[in-house]
Amino acid sequence: MTGPRYPRWVTDQEHLSKAGFETRAIHAGYEPDPTTGAVIPPIYATSTYKQDGVGGLRGGYEYSRSANPTRAALEGNLAALEEGERGFAFASGLAAEDTLVRATCRPGDHVVLPDDAYGGTYRLFDKVEQAWGVEHTPAPVSDVDAVRAAIRPGQTKLVWLETPTNPLLNIGDIEALAAVAHDAGALLVVDNTFASPYLQQPLTLGADVVVHSTTKYAGGHSDVVGGALVARELELADKIAFHQNAIGAVAGPFDAWLVLRGLKTLGVRMDRHCDNAERIVEFLVGHDAVSHVIYPGLSEHPGHAIAGRQMKRYGGMVSFRVTGGEPHALSVCERTDVFTLGESLGGVESLIEHPGRMTHARVAGTDLEVPADLVRLSVGIETIDDLLADLDRALHTG
Ligand SMILES: Cc1ncc(COP(=O)(O)O)c(C=O)c1O
């Protein structure tokens, strides 16, 4: 008699199958080392493994591109947090994305992309996947009918969703878009970088695979570049596993260790990111130098109701437009002291940037262009009064 089929991480750690998020974050993917009792997985800086006779592998380890115990601990942890079948760790978010495209598409296929996708994702499709023969059509994630209309029946293999998007924080309805993708025989991919698995678990809402830039909230300390995929079903997991090894853009053991350490505190960090972001939104909404505040937690945000259904809280990313146009936005970005001017997001320290000139400069003149008076904040976990005073000073001196 065969019992229920559990995802791989559950069969490996049955005792955690009903555990809460923080318990899984701290324990899933690794059991204390049987020989030493080490509570934290060692950094296995090894490329190869001694075999006990030809083909006599210990624990399946043969060569570290195929599998490495530190990376395996991270991959098990990611699968547990996203509630998927299997997790995969890569050298960067874009490496994860490219591997996913190779695993699921062939030349001649088509992908629907968010019309405000992360610029690097857009560049990957526009300059790399397109040259390989995979076409793409942008569509707004907040408009289910527009996404449906962008699908080319029989040709579209992936519907790609970011929610919230970067930097305009648009919200896509994961459940509705999963249905649209599945009706067309396509897979729904959700880039969960902005929300993190603490705030949103797309696989439980019908998505087929989750993408992360673990460089961001997962790592959480701005000290590592990494990426991840988590697949809901075995069939897709097997294809990704093959391509992860065949392409080889894997996370090294040091990087895997850093991301795993970051994930252990994801829950407490995200709650503080959200607390601070909510206070900053309240402050910006009442500020006379700010014309528009973009945050899914605001009741006037068009995606507020959907975000409320599919997210635990509204996240640590806040965008706003200033009254004095681009020169004002640039000066605000250059005048903060606690907020560091820089790209990236999701670390414990607050960052500020001008998307039009920085992260999204490469999409200027395309459908993905962002407003010139837009400022994006990655709200960190510093003392909130210091963050508010810093922004107030920068806005006034603009
Ligand atoms: C939403 C999102 N997805 C993917 C990526 C790409 O990740 P990486 O920079 O780790 O390659 C980024 C990077 O900023 C991102 O913000």
# chains A, B, ... in the order shown; residues from 1 in each chain; ligands from 1

$ residues_near_ligand --ligand "ligand 1" --cutoff "6 Å" --atoms "only C-alpha atoms and all ligand atoms" --output "VMD selection string"
chain A and resid 92 to 94 118 193 213 215 225 to 227 344

$ select_by_dssp --residues "region 96-238 of chain A" --states "strand (DSSP E or B)" --output "PyMOL selection string"
chain A and resi 110-114+135-139+156-162+187-191+209-213+227-231

$ residues_around --residues "Ala91 (chain A)" --least-positions-apart "6" --cutoff "12 Å" --atoms "only C-alpha atoms" --output "MDAnalysis selection string"
chainID A and resid 65 71 97:99 212:215 224:229 244 247:256 259

$ write_last_selection --atoms "N, CA, C and O atoms" --output "mmCIF file, in the first residue's frame"
data_model
loop_
_atom_site.group_PDB
_atom_site.id
_atom_site.type_symbol
_atom_site.label_atom_id
_atom_site.label_comp_id
_atom_site.auth_asym_id
_atom_site.auth_seq_id
_atom_site.Cartn_x
_atom_site.Cartn_y
_atom_site.Cartn_z
ATOM 1 N N ARG A 65 29.325 20.332 -8.119
ATOM 2 C CA ARG A 65 28.349 20.986 -9.005
ATOM 3 C C ARG A 65 27.006 20.263 -8.908
ATOM 4 O O ARG A 65 25.948 20.891 -8.867
ATOM 5 N N ARG A 71 25.007 23.312 0.409
ATOM 6 C CA ARG A 71 23.958 23.763 -0.517
ATOM 7 C C ARG A 71 22.683 22.941 -0.316
ATOM 8 O O ARG A 71 21.572 23.479 -0.361
ATOM 9 N N GLU A 97 16.908 32.203 -12.868
ATOM 10 C CA GLU A 97 15.899 32.475 -13.899
ATOM 11 C C GLU A 97 16.291 31.827 -15.227
ATOM 12 O O GLU A 97 15.467 31.207 -15.909
ATOM 13 N N ASP A 98 17.545 31.989 -15.614
ATOM 14 C CA ASP A 98 17.988 31.424 -16.895
ATOM 15 C C ASP A 98 17.862 29.894 -16.873
ATOM 16 O O ASP A 98 17.411 29.286 -17.846
ATOM 17 N N THR A 99 18.225 29.292 -15.752
ATOM 18 C CA THR A 99 18.121 27.833 -15.651
ATOM 19 C C THR A 99 16.659 27.399 -15.784
ATOM 20 O O THR A 99 16.358 26.389 -16.449
ATOM 21 N N HIS A 212 13.685 33.280 -6.552
ATOM 22 C CA HIS A 212 14.179 34.296 -5.608
ATOM 23 C C HIS A 212 15.524 34.818 -6.048
ATOM 24 O O HIS A 212 16.374 34.047 -6.500
ATOM 25 N N SER A 213 15.705 36.113 -5.839
ATOM 26 C CA SER A 213 17.051 36.624 -5.697
ATOM 27 C C SER A 213 17.305 36.535 -4.193
ATOM 28 O O SER A 213 16.790 37.357 -3.416
ATOM 29 N N THR A 214 18.062 35.531 -3.756
ATOM 30 C CA THR A 214 18.324 35.369 -2.315
ATOM 31 C C THR A 214 19.289 36.433 -1.807
ATOM 32 O O THR A 214 19.525 36.539 -0.605
ATOM 33 N N THR A 215 19.841 37.190 -2.761
ATOM 34 C CA THR A 215 20.646 38.377 -2.458
ATOM 35 C C THR A 215 19.862 39.335 -1.549
ATOM 36 O O THR A 215 20.460 40.106 -0.813
ATOM 37 N N VAL A 224 25.860 38.780 0.253
ATOM 38 C CA VAL A 224 25.938 37.622 -0.641
ATOM 39 C C VAL A 224 25.029 37.842 -1.856
ATOM 40 O O VAL A 224 23.992 38.508 -1.741
ATOM 41 N N VAL A 225 25.461 37.331 -2.992
ATOM 42 C CA VAL A 225 24.614 37.312 -4.191
ATOM 43 C C VAL A 225 24.203 35.858 -4.415
ATOM 44 O O VAL A 225 25.060 34.965 -4.428
ATOM 45 N N GLY A 226 22.901 35.627 -4.563
ATOM 46 C CA GLY A 226 22.441 34.246 -4.755
ATOM 47 C C GLY A 226 21.051 34.210 -5.347
ATOM 48 O O GLY A 226 20.358 35.228 -5.424
ATOM 49 N N GLY A 227 20.654 33.035 -5.784
ATOM 50 C CA GLY A 227 19.319 32.867 -6.355
ATOM 51 C C GLY A 227 18.752 31.518 -5.978
ATOM 52 O O GLY A 227 19.481 30.632 -5.499
ATOM 53 N N ALA A 228 17.452 31.366 -6.180
ATOM 54 C CA ALA A 228 16.815 30.086 -5.839
ATOM 55 C C ALA A 228 15.597 29.843 -6.708
ATOM 56 O O ALA A 228 14.981 30.782 -7.221
ATOM 57 N N LEU A 229 15.282 28.561 -6.874
ATOM 58 C CA LEU A 229 14.012 28.115 -7.451
ATOM 59 C C LEU A 229 13.428 27.104 -6.471
ATOM 60 O O LEU A 229 14.175 26.315 -5.867
ATOM 61 N N GLN A 244 20.088 22.336 -13.533
ATOM 62 C CA GLN A 244 20.987 22.957 -12.555
ATOM 63 C C GLN A 244 22.372 22.340 -12.661
ATOM 64 O O GLN A 244 23.388 23.034 -12.685
ATOM 65 N N ILE A 247 23.873 22.970 -16.472
ATOM 66 C CA ILE A 247 24.338 24.341 -16.736
ATOM 67 C C ILE A 247 25.406 24.737 -15.717
ATOM 68 O O ILE A 247 26.395 25.378 -16.062
ATOM 69 N N GLY A 248 25.175 24.380 -14.464
ATOM 70 C CA GLY A 248 26.235 24.539 -13.459
ATOM 71 C C GLY A 248 26.329 25.879 -12.771
ATOM 72 O O GLY A 248 27.340 26.168 -12.126
ATOM 73 N N ALA A 249 25.259 26.712 -12.862
ATOM 74 C CA ALA A 249 25.325 28.045 -12.229
ATOM 75 C C ALA A 249 24.925 27.950 -10.752
ATOM 76 O O ALA A 249 24.041 28.660 -10.270
ATOM 77 N N VAL A 250 25.565 27.071 -10.017
ATOM 78 C CA VAL A 250 25.143 26.741 -8.648
ATOM 79 C C VAL A 250 25.696 27.729 -7.622
ATOM 80 O O VAL A 250 26.684 28.425 -7.872
ATOM 81 N N ALA A 251 25.065 27.754 -6.444
ATOM 82 C CA ALA A 251 25.600 28.528 -5.318
ATOM 83 C C ALA A 251 26.788 27.772 -4.745
ATOM 84 O O ALA A 251 26.714 26.561 -4.524
ATOM 85 N N GLY A 252 27.875 28.477 -4.471
ATOM 86 C CA GLY A 252 29.016 27.862 -3.795
ATOM 87 C C GLY A 252 28.694 27.654 -2.320
ATOM 88 O O GLY A 252 27.742 28.253 -1.791
ATOM 89 N N PRO A 253 29.471 26.816 -1.624
ATOM 90 C CA PRO A 253 29.142 26.486 -0.234
ATOM 91 C C PRO A 253 29.186 27.683 0.722
ATOM 92 O O PRO A 253 28.379 27.761 1.641
ATOM 93 N N PHE A 254 30.105 28.619 0.511
ATOM 94 C CA PHE A 254 30.160 29.788 1.405
ATOM 95 C C PHE A 254 28.894 30.619 1.244
ATOM 96 O O PHE A 254 28.288 31.077 2.216
ATOM 97 N N ASP A 255 28.517 30.829 -0.020
ATOM 98 C CA ASP A 255 27.325 31.634 -0.292
ATOM 99 C C ASP A 255 26.066 30.931 0.215
ATOM 100 O O ASP A 255 25.166 31.562 0.781
ATOM 101 N N ALA A 256 25.993 29.621 0.012
ATOM 102 C CA ALA A 256 24.827 28.866 0.490
ATOM 103 C C ALA A 256 24.717 28.998 2.016
ATOM 104 O O ALA A 256 23.627 29.178 2.572
ATOM 105 N N VAL A 259 23.284 32.439 3.004
ATOM 106 C CA VAL A 259 21.842 32.562 2.756
ATOM 107 C C VAL A 259 21.068 31.750 3.805
ATOM 108 O O VAL A 259 20.069 32.216 4.358
#

$ residues_around --residues "region 134-146 of chain A" --least-positions-apart "2" --cutoff "10 Å" --atoms "only C-alpha atoms" --output "PyMOL selection string"
chain A and resi 101-102+105-117+122+125-126+128-132+148-152+155-165+170-174+176-177+180+302-303+306+367-368

$ residues_around --residues "Gly87 (chain A)" --least-positions-apart "4" --cutoff "12 Å" --atoms "only C-alpha atoms" --output "MDAnalysis selection string"
chainID A and resid 7:9 28:29 71:83 96 209:212 227:234 236:238 240:241 244

$ residues_around --residues "Gln200 (chain A)" --least-positions-apart "2" --cutoff "9 Å" --atoms "only C-alpha atoms" --output "list in words"
Glu82, Asn192, Ala195, Ser196, Pro197, Tyr198, Pro202, Gln310, Met311, Lys312 and Arg313 of chain A

$ residues_around --residues "Lys216 (chain A)" --least-positions-apart "5" --cutoff "8 Å" --atoms "only C-alpha atoms" --output "PDB file with N, CA and C atoms, in the first residue's frame"
ATOM      1  N   THR A 193      10.818  37.495  -4.587  1.00  0.00           N
ATOM      2  CA  THR A 193      11.925  38.203  -3.946  1.00  0.00           C
ATOM      3  C   THR A 193      11.438  39.309  -3.021  1.00  0.00           C
ATOM      4  N   PHE A 194      10.480  40.121  -3.487  1.00  0.00           N
ATOM      5  CA  PHE A 194      10.064  41.288  -2.701  1.00  0.00           C
ATOM      6  C   PHE A 194       9.284  40.893  -1.452  1.00  0.00           C
ATOM      7  N   HIS A 221      21.437  40.438   4.634  1.00  0.00           N
ATOM      8  CA  HIS A 221      22.502  41.236   5.238  1.00  0.00           C
ATOM      9  C   HIS A 221      23.429  41.867   4.202  1.00  0.00           C
ATOM     10  N   SER A 222      22.993  41.921   2.946  1.00  0.00           N
ATOM     11  CA  SER A 222      23.755  42.564   1.871  1.00  0.00           C
ATOM     12  C   SER A 222      25.193  42.053   1.789  1.00  0.00           C
ATOM     13  N   SER A 344      20.051  47.384  -5.010  1.00  0.00           N
ATOM     14  CA  SER A 344      19.703  46.221  -4.195  1.00  0.00           C
ATOM     15  C   SER A 344      18.683  46.603  -3.123  1.00  0.00           C
ATOM     16  N   LEU A 345      18.309  45.640  -2.321  1.00  0.00           N
ATOM     17  CA  LEU A 345      17.237  45.814  -1.332  1.00  0.00           C
ATOM     18  C   LEU A 345      17.232  44.615  -0.409  1.00  0.00           C
ATOM     19  N   GLY A 346      16.420  44.728   0.650  1.00  0.00           N
ATOM     20  CA  GLY A 346      16.160  43.558   1.487  1.00  0.00           C
ATOM     21  C   GLY A 346      17.175  43.309   2.587  1.00  0.00           C
ATOM     22  N   GLY A 347      18.167  44.189   2.747  1.00  0.00           N
ATOM     23  CA  GLY A 347      19.142  44.007   3.816  1.00  0.00           C
ATOM     24  C   GLY A 347      18.673  44.693   5.091  1.00  0.00           C
TER      25      GLY A 347
END

$ closest_residue --among "A:Gly297, A:Glu22, A:Val379, A:Tyr30" --to "Leu391 (chain A)" --atoms "only C-alpha atoms"
A:Val379

$ closest_residue --among "A:Tyr49, A:Tyr295, A:Trp257, A:Tyr314" --to "Asp275 (chain A)" --atoms "only C-alpha atoms"
A:Tyr314

$ select_by_dssp --residues "region 195-365 of chain A" --states "alpha helix (DSSP H)" --output "NGL selection string"
:A and (196-199 or 234-247 or 253-264 or 266-285 or 304-310 or 325-335)

$ atom_distance --atom1 "CA of Val332 (chain A)" --atom2 "CA of Val268 (chain A)"
29.3 Å

$ closest_residue --among "A:Ala38, A:Leu205, A:Ile43, A:Leu168" --to "Glu369 (chain A)" --atoms "only C-alpha atoms"
A:Leu168

$ atom_distance --atom1 "CA of Val147 (chain A)" --atom2 "CA of Ala103 (chain A)"
22.4 Å

$ atom_distance --atom1 "CA of Ile381 (chain A)" --atom2 "CA of Leu169 (chain A)"
19.9 Å

$ decode --residues "region 29-64 of chain A" --atoms "N, CA, C and O atoms" --output "mmCIF file, in the first residue's frame"
data_model
loop_
_atom_site.group_PDB
_atom_site.id
_atom_site.type_symbol
_atom_site.label_atom_id
_atom_site.label_comp_id
_atom_site.auth_asym_id
_atom_site.auth_seq_id
_atom_site.Cartn_x
_atom_site.Cartn_y
_atom_site.Cartn_z
ATOM 1 N N GLY A 29 16.017 21.322 6.650
ATOM 2 C CA GLY A 29 17.117 21.131 5.704
ATOM 3 C C GLY A 29 18.367 20.544 6.336
ATOM 4 O O GLY A 29 19.290 20.142 5.627
ATOM 5 N N TYR A 30 18.412 20.489 7.672
ATOM 6 C CA TYR A 30 19.655 20.043 8.305
ATOM 7 C C TYR A 30 19.370 19.465 9.683
ATOM 8 O O TYR A 30 18.600 20.038 10.457
ATOM 9 N N GLU A 31 19.991 18.339 9.974
ATOM 10 C CA GLU A 31 19.964 17.766 11.319
ATOM 11 C C GLU A 31 21.386 17.849 11.870
ATOM 12 O O GLU A 31 22.343 17.685 11.110
ATOM 13 N N PRO A 32 21.560 18.119 13.176
ATOM 14 C CA PRO A 32 22.920 18.202 13.722
ATOM 15 C C PRO A 32 23.796 17.042 13.242
ATOM 16 O O PRO A 32 23.358 15.890 13.225
ATOM 17 N N ASP A 33 25.008 17.401 12.861
ATOM 18 C CA ASP A 33 25.934 16.446 12.250
ATOM 19 C C ASP A 33 26.124 15.220 13.147
ATOM 20 O O ASP A 33 26.441 15.356 14.336
ATOM 21 N N PRO A 34 25.889 13.992 12.620
ATOM 22 C CA PRO A 34 25.949 12.781 13.474
ATOM 23 C C PRO A 34 27.332 12.537 14.071
ATOM 24 O O PRO A 34 27.433 11.953 15.150
ATOM 25 N N THR A 35 28.398 12.978 13.418
ATOM 26 C CA THR A 35 29.721 12.680 13.988
ATOM 27 C C THR A 35 30.141 13.714 15.030
ATOM 28 O O THR A 35 30.712 13.361 16.053
ATOM 29 N N THR A 36 29.834 14.989 14.826
ATOM 30 C CA THR A 36 30.310 16.015 15.762
ATOM 31 C C THR A 36 29.188 16.660 16.554
ATOM 32 O O THR A 36 29.426 17.316 17.556
ATOM 33 N N GLY A 37 27.956 16.547 16.095
ATOM 34 C CA GLY A 37 26.846 17.253 16.740
ATOM 35 C C GLY A 37 26.752 18.713 16.330
ATOM 36 O O GLY A 37 25.950 19.461 16.896
ATOM 37 N N ALA A 38 27.562 19.153 15.372
ATOM 38 C CA ALA A 38 27.527 20.567 14.952
ATOM 39 C C ALA A 38 26.090 20.988 14.648
ATOM 40 O O ALA A 38 25.408 20.363 13.847
ATOM 41 N N VAL A 39 25.659 22.045 15.314
ATOM 42 C CA VAL A 39 24.268 22.486 15.211
ATOM 43 C C VAL A 39 24.029 23.230 13.895
ATOM 44 O O VAL A 39 22.911 23.257 13.383
ATOM 45 N N ILE A 40 25.088 23.828 13.397
ATOM 46 C CA ILE A 40 25.003 24.588 12.146
ATOM 47 C C ILE A 40 25.759 23.807 11.076
ATOM 48 O O ILE A 40 26.847 23.278 11.349
ATOM 49 N N PRO A 41 25.213 23.728 9.854
ATOM 50 C CA PRO A 41 25.919 22.945 8.825
ATOM 51 C C PRO A 41 27.297 23.515 8.540
ATOM 52 O O PRO A 41 27.447 24.725 8.393
ATOM 53 N N PRO A 42 28.299 22.670 8.506
ATOM 54 C CA PRO A 42 29.629 23.138 8.125
ATOM 55 C C PRO A 42 29.624 23.668 6.687
ATOM 56 O O PRO A 42 28.761 23.311 5.884
ATOM 57 N N ILE A 43 30.597 24.540 6.382
ATOM 58 C CA ILE A 43 30.798 24.986 5.003
ATOM 59 C C ILE A 43 31.671 23.919 4.341
ATOM 60 O O ILE A 43 32.864 23.818 4.628
ATOM 61 N N TYR A 44 31.049 23.093 3.524
ATOM 62 C CA TYR A 44 31.776 21.988 2.884
ATOM 63 C C TYR A 44 32.533 22.518 1.678
ATOM 64 O O TYR A 44 32.038 22.456 0.547
ATOM 65 N N ALA A 45 33.746 23.064 1.950
ATOM 66 C CA ALA A 45 34.564 23.599 0.863
ATOM 67 C C ALA A 45 35.312 22.441 0.213
ATOM 68 O O ALA A 45 36.515 22.254 0.410
ATOM 69 N N THR A 46 34.559 21.667 -0.522
ATOM 70 C CA THR A 46 35.166 20.525 -1.221
ATOM 71 C C THR A 46 34.528 20.403 -2.601
ATOM 72 O O THR A 46 33.328 20.655 -2.754
ATOM 73 N N SER A 47 35.346 20.060 -3.582
ATOM 74 C CA SER A 47 34.792 19.891 -4.924
ATOM 75 C C SER A 47 34.373 18.439 -5.164
ATOM 76 O O SER A 47 33.472 18.164 -5.940
ATOM 77 N N THR A 48 35.068 17.501 -4.473
ATOM 78 C CA THR A 48 34.778 16.088 -4.748
ATOM 79 C C THR A 48 34.707 15.286 -3.452
ATOM 80 O O THR A 48 34.963 15.823 -2.361
ATOM 81 N N TYR A 49 34.351 14.014 -3.557
ATOM 82 C CA TYR A 49 34.038 13.184 -2.395
ATOM 83 C C TYR A 49 34.654 11.799 -2.573
ATOM 84 O O TYR A 49 34.567 11.216 -3.662
ATOM 85 N N LYS A 50 35.240 11.270 -1.515
ATOM 86 C CA LYS A 50 35.832 9.934 -1.571
ATOM 87 C C LYS A 50 34.720 8.894 -1.769
ATOM 88 O O LYS A 50 33.683 8.951 -1.111
ATOM 89 N N GLN A 51 34.965 7.973 -2.703
ATOM 90 C CA GLN A 51 33.991 6.912 -2.951
ATOM 91 C C GLN A 51 34.450 5.626 -2.271
ATOM 92 O O GLN A 51 35.642 5.303 -2.262
ATOM 93 N N ASP A 52 33.504 4.904 -1.690
ATOM 94 C CA ASP A 52 33.824 3.625 -1.040
ATOM 95 C C ASP A 52 33.728 2.522 -2.089
ATOM 96 O O ASP A 52 32.720 1.833 -2.197
ATOM 97 N N GLY A 53 34.752 2.408 -2.897
ATOM 98 C CA GLY A 53 34.676 1.528 -4.074
ATOM 99 C C GLY A 53 34.046 2.311 -5.205
ATOM 100 O O GLY A 53 33.345 3.308 -4.961
ATOM 101 N N VAL A 54 34.259 1.876 -6.441
ATOM 102 C CA VAL A 54 33.742 2.608 -7.595
ATOM 103 C C VAL A 54 32.226 2.710 -7.512
ATOM 104 O O VAL A 54 31.536 1.691 -7.374
ATOM 105 N N GLY A 55 31.722 3.963 -7.553
ATOM 106 C CA GLY A 55 30.267 4.178 -7.487
ATOM 107 C C GLY A 55 29.705 4.089 -6.071
ATOM 108 O O GLY A 55 28.509 4.272 -5.872
ATOM 109 N N GLY A 56 30.541 3.865 -5.080
ATOM 110 C CA GLY A 56 30.071 3.760 -3.689
ATOM 111 C C GLY A 56 30.027 5.144 -3.050
ATOM 112 O O GLY A 56 30.923 5.518 -2.280
ATOM 113 N N LEU A 57 28.981 5.892 -3.386
ATOM 114 C CA LEU A 57 28.896 7.277 -2.904
ATOM 115 C C LEU A 57 28.356 7.304 -1.476
ATOM 116 O O LEU A 57 27.484 6.520 -1.130
ATOM 117 N N ARG A 58 28.866 8.240 -0.678
ATOM 118 C CA ARG A 58 28.332 8.418 0.680
ATOM 119 C C ARG A 58 27.258 9.496 0.628
ATOM 120 O O ARG A 58 27.546 10.655 0.342
ATOM 121 N N GLY A 59 26.015 9.110 0.857
ATOM 122 C CA GLY A 59 24.902 10.080 0.860
ATOM 123 C C GLY A 59 24.629 10.665 -0.506
ATOM 124 O O GLY A 59 24.010 11.730 -0.611
ATOM 125 N N GLY A 60 25.123 10.024 -1.563
ATOM 126 C CA GLY A 60 24.846 10.508 -2.919
ATOM 127 C C GLY A 60 25.790 11.603 -3.381
ATOM 128 O O GLY A 60 25.627 12.137 -4.477
ATOM 129 N N TYR A 61 26.781 11.971 -2.559
ATOM 130 C CA TYR A 61 27.682 13.061 -2.949
ATOM 131 C C TYR A 61 28.819 12.547 -3.814
ATOM 132 O O TYR A 61 29.528 11.618 -3.450
ATOM 133 N N GLU A 62 28.971 13.204 -4.981
ATOM 134 C CA GLU A 62 29.930 12.740 -5.975
ATOM 135 C C GLU A 62 30.849 13.880 -6.412
ATOM 136 O O GLU A 62 32.060 13.732 -6.526
ATOM 137 N N TYR A 63 30.234 15.071 -6.668
ATOM 138 C CA TYR A 63 30.967 16.210 -7.209
ATOM 139 C C TYR A 63 30.129 17.441 -6.876
ATOM 140 O O TYR A 63 28.892 17.391 -7.000
ATOM 141 N N SER A 64 30.746 18.557 -6.453
ATOM 142 C CA SER A 64 29.964 19.631 -5.834
ATOM 143 C C SER A 64 29.133 20.484 -6.789
ATOM 144 O O SER A 64 28.318 21.278 -6.333
#
